[in-house]
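What's in protein-v1.cif: mmCIF, C-alpha atoms
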data_run
#
loop_
_atom_site.label_atom_id
_atom_site.label_comp_id
_atom_site.auth_asym_id
_atom_site.auth_seq_id
_atom_site.Cartn_x
_atom_site.Cartn_y
_atom_site.Cartn_z
CA MET A 1 -49.03 -18.01 -60.20
CA LYS A 2 -46.03 -16.85 -58.22
CA GLU A 3 -44.82 -19.16 -55.47
CA HIS A 4 -45.87 -16.68 -52.77
CA ASP A 5 -49.04 -15.25 -54.28
CA PRO A 6 -51.24 -13.13 -51.99
CA LEU A 7 -54.22 -14.82 -53.65
CA ARG A 8 -53.26 -17.89 -51.63
CA HIS A 9 -52.66 -16.04 -48.35
CA ASP A 10 -55.60 -14.78 -46.33
CA PRO A 11 -54.94 -11.14 -45.29
CA ALA A 12 -57.14 -11.76 -42.25
CA GLU A 13 -54.34 -14.02 -40.99
CA LEU A 14 -51.85 -11.15 -40.84
CA GLY A 15 -50.90 -10.22 -37.31
CA GLU A 16 -51.39 -6.69 -36.01
CA LEU A 17 -47.70 -5.84 -36.41
CA GLU A 18 -47.59 -7.27 -39.94
CA SER A 19 -50.68 -5.24 -40.87
CA ASN A 20 -49.18 -2.07 -39.41
CA ILE A 21 -45.92 -2.57 -41.29
CA LEU A 22 -47.74 -3.36 -44.54
CA SER A 23 -49.76 -0.14 -44.15
CA ILE A 24 -46.53 1.82 -43.72
CA VAL A 25 -45.05 0.29 -46.88
CA TRP A 26 -48.26 1.06 -48.82
CA ARG A 27 -48.35 4.66 -47.54
CA GLN A 28 -44.69 5.43 -48.16
CA GLY A 29 -44.22 3.45 -51.38
CA SER A 30 -40.63 2.46 -50.66
CA VAL A 31 -39.03 2.31 -47.28
CA SER A 32 -36.06 0.91 -45.39
CA ALA A 33 -36.37 -1.27 -42.29
CA GLU A 34 -35.07 1.66 -40.24
CA GLN A 35 -37.77 3.97 -41.62
CA VAL A 36 -40.41 1.37 -40.78
CA ARG A 37 -39.05 1.04 -37.22
CA GLU A 38 -39.09 4.83 -36.77
CA THR A 39 -42.64 5.11 -38.11
CA LEU A 40 -44.13 2.41 -35.88
CA ASP A 41 -45.90 3.66 -32.77
CA ARG A 42 -44.05 1.25 -30.49
CA PRO A 43 -40.39 0.55 -29.84
CA LEU A 44 -39.12 -2.58 -31.57
CA THR A 45 -35.67 -3.94 -32.26
CA ASP A 46 -34.25 -3.72 -35.74
CA SER A 47 -34.20 -7.52 -35.83
CA THR A 48 -37.94 -7.76 -35.11
CA VAL A 49 -38.79 -5.28 -37.88
CA ARG A 50 -36.57 -7.09 -40.37
CA THR A 51 -38.17 -10.43 -39.46
CA MET A 52 -41.64 -8.98 -40.05
CA LEU A 53 -40.57 -7.49 -43.38
CA ARG A 54 -39.11 -10.84 -44.44
CA ARG A 55 -42.36 -12.62 -43.51
CA LEU A 56 -44.42 -10.11 -45.49
CA GLU A 57 -42.13 -10.67 -48.44
CA GLU A 58 -42.43 -14.46 -48.13
CA LYS A 59 -46.23 -14.07 -48.17
CA GLY A 60 -46.01 -12.00 -51.35
CA TYR A 61 -47.18 -8.63 -50.02
CA ILE A 62 -43.89 -6.74 -50.39
CA ALA A 63 -40.65 -7.03 -52.36
CA HIS A 64 -37.23 -5.54 -51.87
CA SER A 65 -34.36 -4.17 -53.86
CA ILE A 66 -30.90 -3.25 -52.65
CA GLU A 67 -29.78 0.37 -52.76
CA ASN A 68 -26.38 1.32 -51.32
CA ARG A 69 -26.25 -2.02 -49.51
CA ALA A 70 -29.60 -1.36 -47.79
CA PHE A 71 -32.80 -3.31 -48.38
CA ILE A 72 -35.56 -1.02 -49.67
CA TYR A 73 -39.04 -2.48 -49.42
CA ARG A 74 -41.96 -1.66 -51.70
CA PRO A 75 -45.44 -3.09 -52.17
CA ALA A 76 -45.58 -6.21 -54.35
CA GLU A 77 -49.36 -5.87 -54.52
CA SER A 78 -51.58 -2.81 -54.21
CA ARG A 79 -53.80 -2.29 -51.21
CA GLN A 80 -56.81 -2.51 -53.56
CA ARG A 81 -55.75 -5.87 -55.00
CA VAL A 82 -55.10 -7.35 -51.56
CA ALA A 83 -58.47 -6.04 -50.34
CA GLY A 84 -60.16 -7.41 -53.45
CA ASN A 85 -58.60 -10.82 -52.88
CA ALA A 86 -59.74 -10.77 -49.24
CA VAL A 87 -63.28 -9.93 -50.32
CA LYS A 88 -63.13 -12.72 -52.92
CA ARG A 89 -62.25 -15.17 -50.15
CA ILE A 90 -65.16 -13.95 -48.02
CA LEU A 91 -67.46 -14.08 -51.02
CA ASN A 92 -66.53 -17.69 -51.75
CA GLN A 93 -66.36 -18.92 -48.15
CA LEU A 94 -69.36 -17.16 -46.60
CA CYS A 95 -71.62 -15.99 -49.43
CA GLU A 96 -71.48 -18.96 -51.83
CA GLY A 97 -70.05 -16.60 -54.46
CA SER A 98 -73.01 -14.19 -54.33
CA VAL A 99 -71.96 -10.55 -54.58
CA GLU A 100 -75.55 -9.56 -53.81
CA THR A 101 -75.47 -11.48 -50.52
CA LEU A 102 -72.21 -9.78 -49.61
CA LEU A 103 -73.46 -6.27 -50.45
CA VAL A 104 -76.79 -6.75 -48.69
CA GLY A 105 -74.89 -7.99 -45.63
CA MET A 106 -72.64 -4.92 -45.79
CA VAL A 107 -75.66 -2.61 -45.95
CA ASP A 108 -77.49 -4.50 -43.16
CA SER A 109 -74.35 -4.35 -40.97
CA LYS A 110 -73.90 -0.62 -41.65
CA VAL A 111 -70.52 -1.26 -43.31
CA LEU A 112 -71.83 0.21 -46.53
CA GLU A 113 -74.34 3.05 -46.38
CA PRO A 114 -77.16 3.09 -48.95
CA ALA A 115 -75.78 6.36 -50.41
CA GLU A 116 -72.39 4.66 -50.98
CA LEU A 117 -74.14 1.73 -52.62
CA GLU A 118 -75.99 4.15 -54.90
CA ARG A 119 -72.72 5.87 -55.88
CA LEU A 120 -71.19 2.48 -56.63
CA ALA A 121 -74.21 1.50 -58.75
CA LYS A 122 -73.82 4.71 -60.78
CA ARG A 123 -70.10 4.05 -61.24
CA ILE A 124 -70.76 0.47 -62.34
CA SER A 125 -73.41 1.70 -64.75
CA ALA A 126 -71.02 4.27 -66.23
CA VAL A 127 -68.29 1.66 -66.70
CA SER A 128 -70.78 -0.73 -68.28
CA GLU A 129 -71.90 2.01 -70.67
CA GLN A 130 -68.27 2.77 -71.62
CA ASP A 131 -67.62 -0.91 -72.26
CA LYS A 132 -70.75 -1.15 -74.38
CA ARG A 133 -69.67 1.86 -76.47
CA LYS A 134 -66.19 0.35 -76.95
CA ASN A 135 -67.69 -2.94 -78.11
CA ASP A 136 -70.14 -1.15 -80.45
CA ASN A 137 -67.23 0.76 -82.03
CA LYS A 138 -65.30 -2.48 -82.61
CA SER A 139 -68.20 -4.05 -84.51
#
Show me this structure written as structure tokens.
Amino acid sequence: MKEHDPLRHDPAELGELESNILSIVWRQGSVSAEQVRETLDRPLTDSTVRTMLRRLEEKGYIAHSIENRAFIYRPAESRQRVAGNAVKRILNQLCEGSVETLLVGMVDSKVLEPAELERLAKRISAVSEQDKRKNDNKS
């Protein structure tokens, strides 16, 4: 594992500003601190934005490279992987590892509509069928 692995950081602990900046980096793919500052919906100093970017990098969410003496930030982890890790934490902490408990809770809480659950079940079934065919062909 990397020293600053998002698997070890709970995304729920990100502050509102950190979350907003991370969303900007995910949306734009690569971005300078100035571009982040201009995109935010509130006026912040350059120093504040750079501090937030540094914190996100320390937590393992973003990385930077240097282009023409400017730091360019990019995602270190995809939105899907970070979300998956957050769900894994919830699953382990609140659902005793039961995906069924989590999904039933999401349906009961109207987070996941039954039609979405049905689409997911079909997708899972299709992937399972593909995997089965691949394994049958290897035999």
Practice task
Would you kindly return, as a ChimeraX atom specification, each protein, DNA or RNA residue with an atom no farther than 6 Å from any atom of stretch 69-82 of chain A, considering all atoms listed in the file and excluding same-chain residues fewer than 4 positions away?
Solution key: /A:29-32,61-65
Exercise for the section: May I ask which of the residues A:Gln93, A:Ser125, A:Asn20, A:Asn135 is the closest one to A:Met52, counting all atoms listed in the file? Expected result: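 Residue with the minimum atom-to-atom distance to A:Met52: A:Asn20.
Taking atom CA of A:Thr39 and atom CA of A:Asp10 as endpoints, the distance between them is 25.1 Å.
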Problem - All residues 10 Å or closer to A:Arg50, all atoms listed in the file, same chain fewer than 3 positions away omitted, as a ChimeraX atom specification - result: /A:32-34,36-37,45-47,53-56,71
Taking the file above as input, evaluate the PyMOL selection byres ((chain A and resi 87) around 12) and report the hits as a compact mmCIF listing (two decimals) with C-alpha atoms, keeping the file's coordinate frame.
# COMPACT_ATOMS: atom_id res chain seq x y z
CA LEU A 7 -54.22 -14.82 -53.65
CA ASP A 10 -55.60 -14.78 -46.33
CA PRO A 11 -54.94 -11.14 -45.29
CA ALA A 12 -57.14 -11.76 -42.25
CA GLN A 80 -56.81 -2.51 -53.56
CA ARG A 81 -55.75 -5.87 -55.00
CA VAL A 82 -55.10 -7.35 -51.56
CA ALA A 83 -58.47 -6.04 -50.34
CA GLY A 84 -60.16 -7.41 -53.45
CA ASN A 85 -58.60 -10.82 -52.88
CA ALA A 86 -59.74 -10.77 -49.24
CA LYS A 88 -63.13 -12.72 -52.92
CA ARG A 89 -62.25 -15.17 -50.15
CA ILE A 90 -65.16 -13.95 -48.02
CA LEU A 91 -67.46 -14.08 -51.02
CA ASN A 92 -66.53 -17.69 -51.75
CA GLN A 93 -66.36 -18.92 -48.15
CA LEU A 94 -69.36 -17.16 -46.60
CA CYS A 95 -71.62 -15.99 -49.43
CA GLY A 97 -70.05 -16.60 -54.46
CA SER A 98 -73.01 -14.19 -54.33
CA VAL A 99 -71.96 -10.55 -54.58
CA LEU A 102 -72.21 -9.78 -49.61
CA LEU A 103 -73.46 -6.27 -50.45
CA MET A 106 -72.64 -4.92 -45.79
Handout entry: Separation of atom CA of A:Gln35 from atom CA of A:His9 in Å
Key =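 So the answer is 25.8 Å.
Counting from atom CA of A:Glu118, the distance to atom CA of A:Ser23 is 28.7 Å.
Candidate residues A:Val107, A:Leu40, A:Leu112, A:Val127 were compared for distance to A:Val25, and the nearest is A:Leu40, using all atoms listed in the file.
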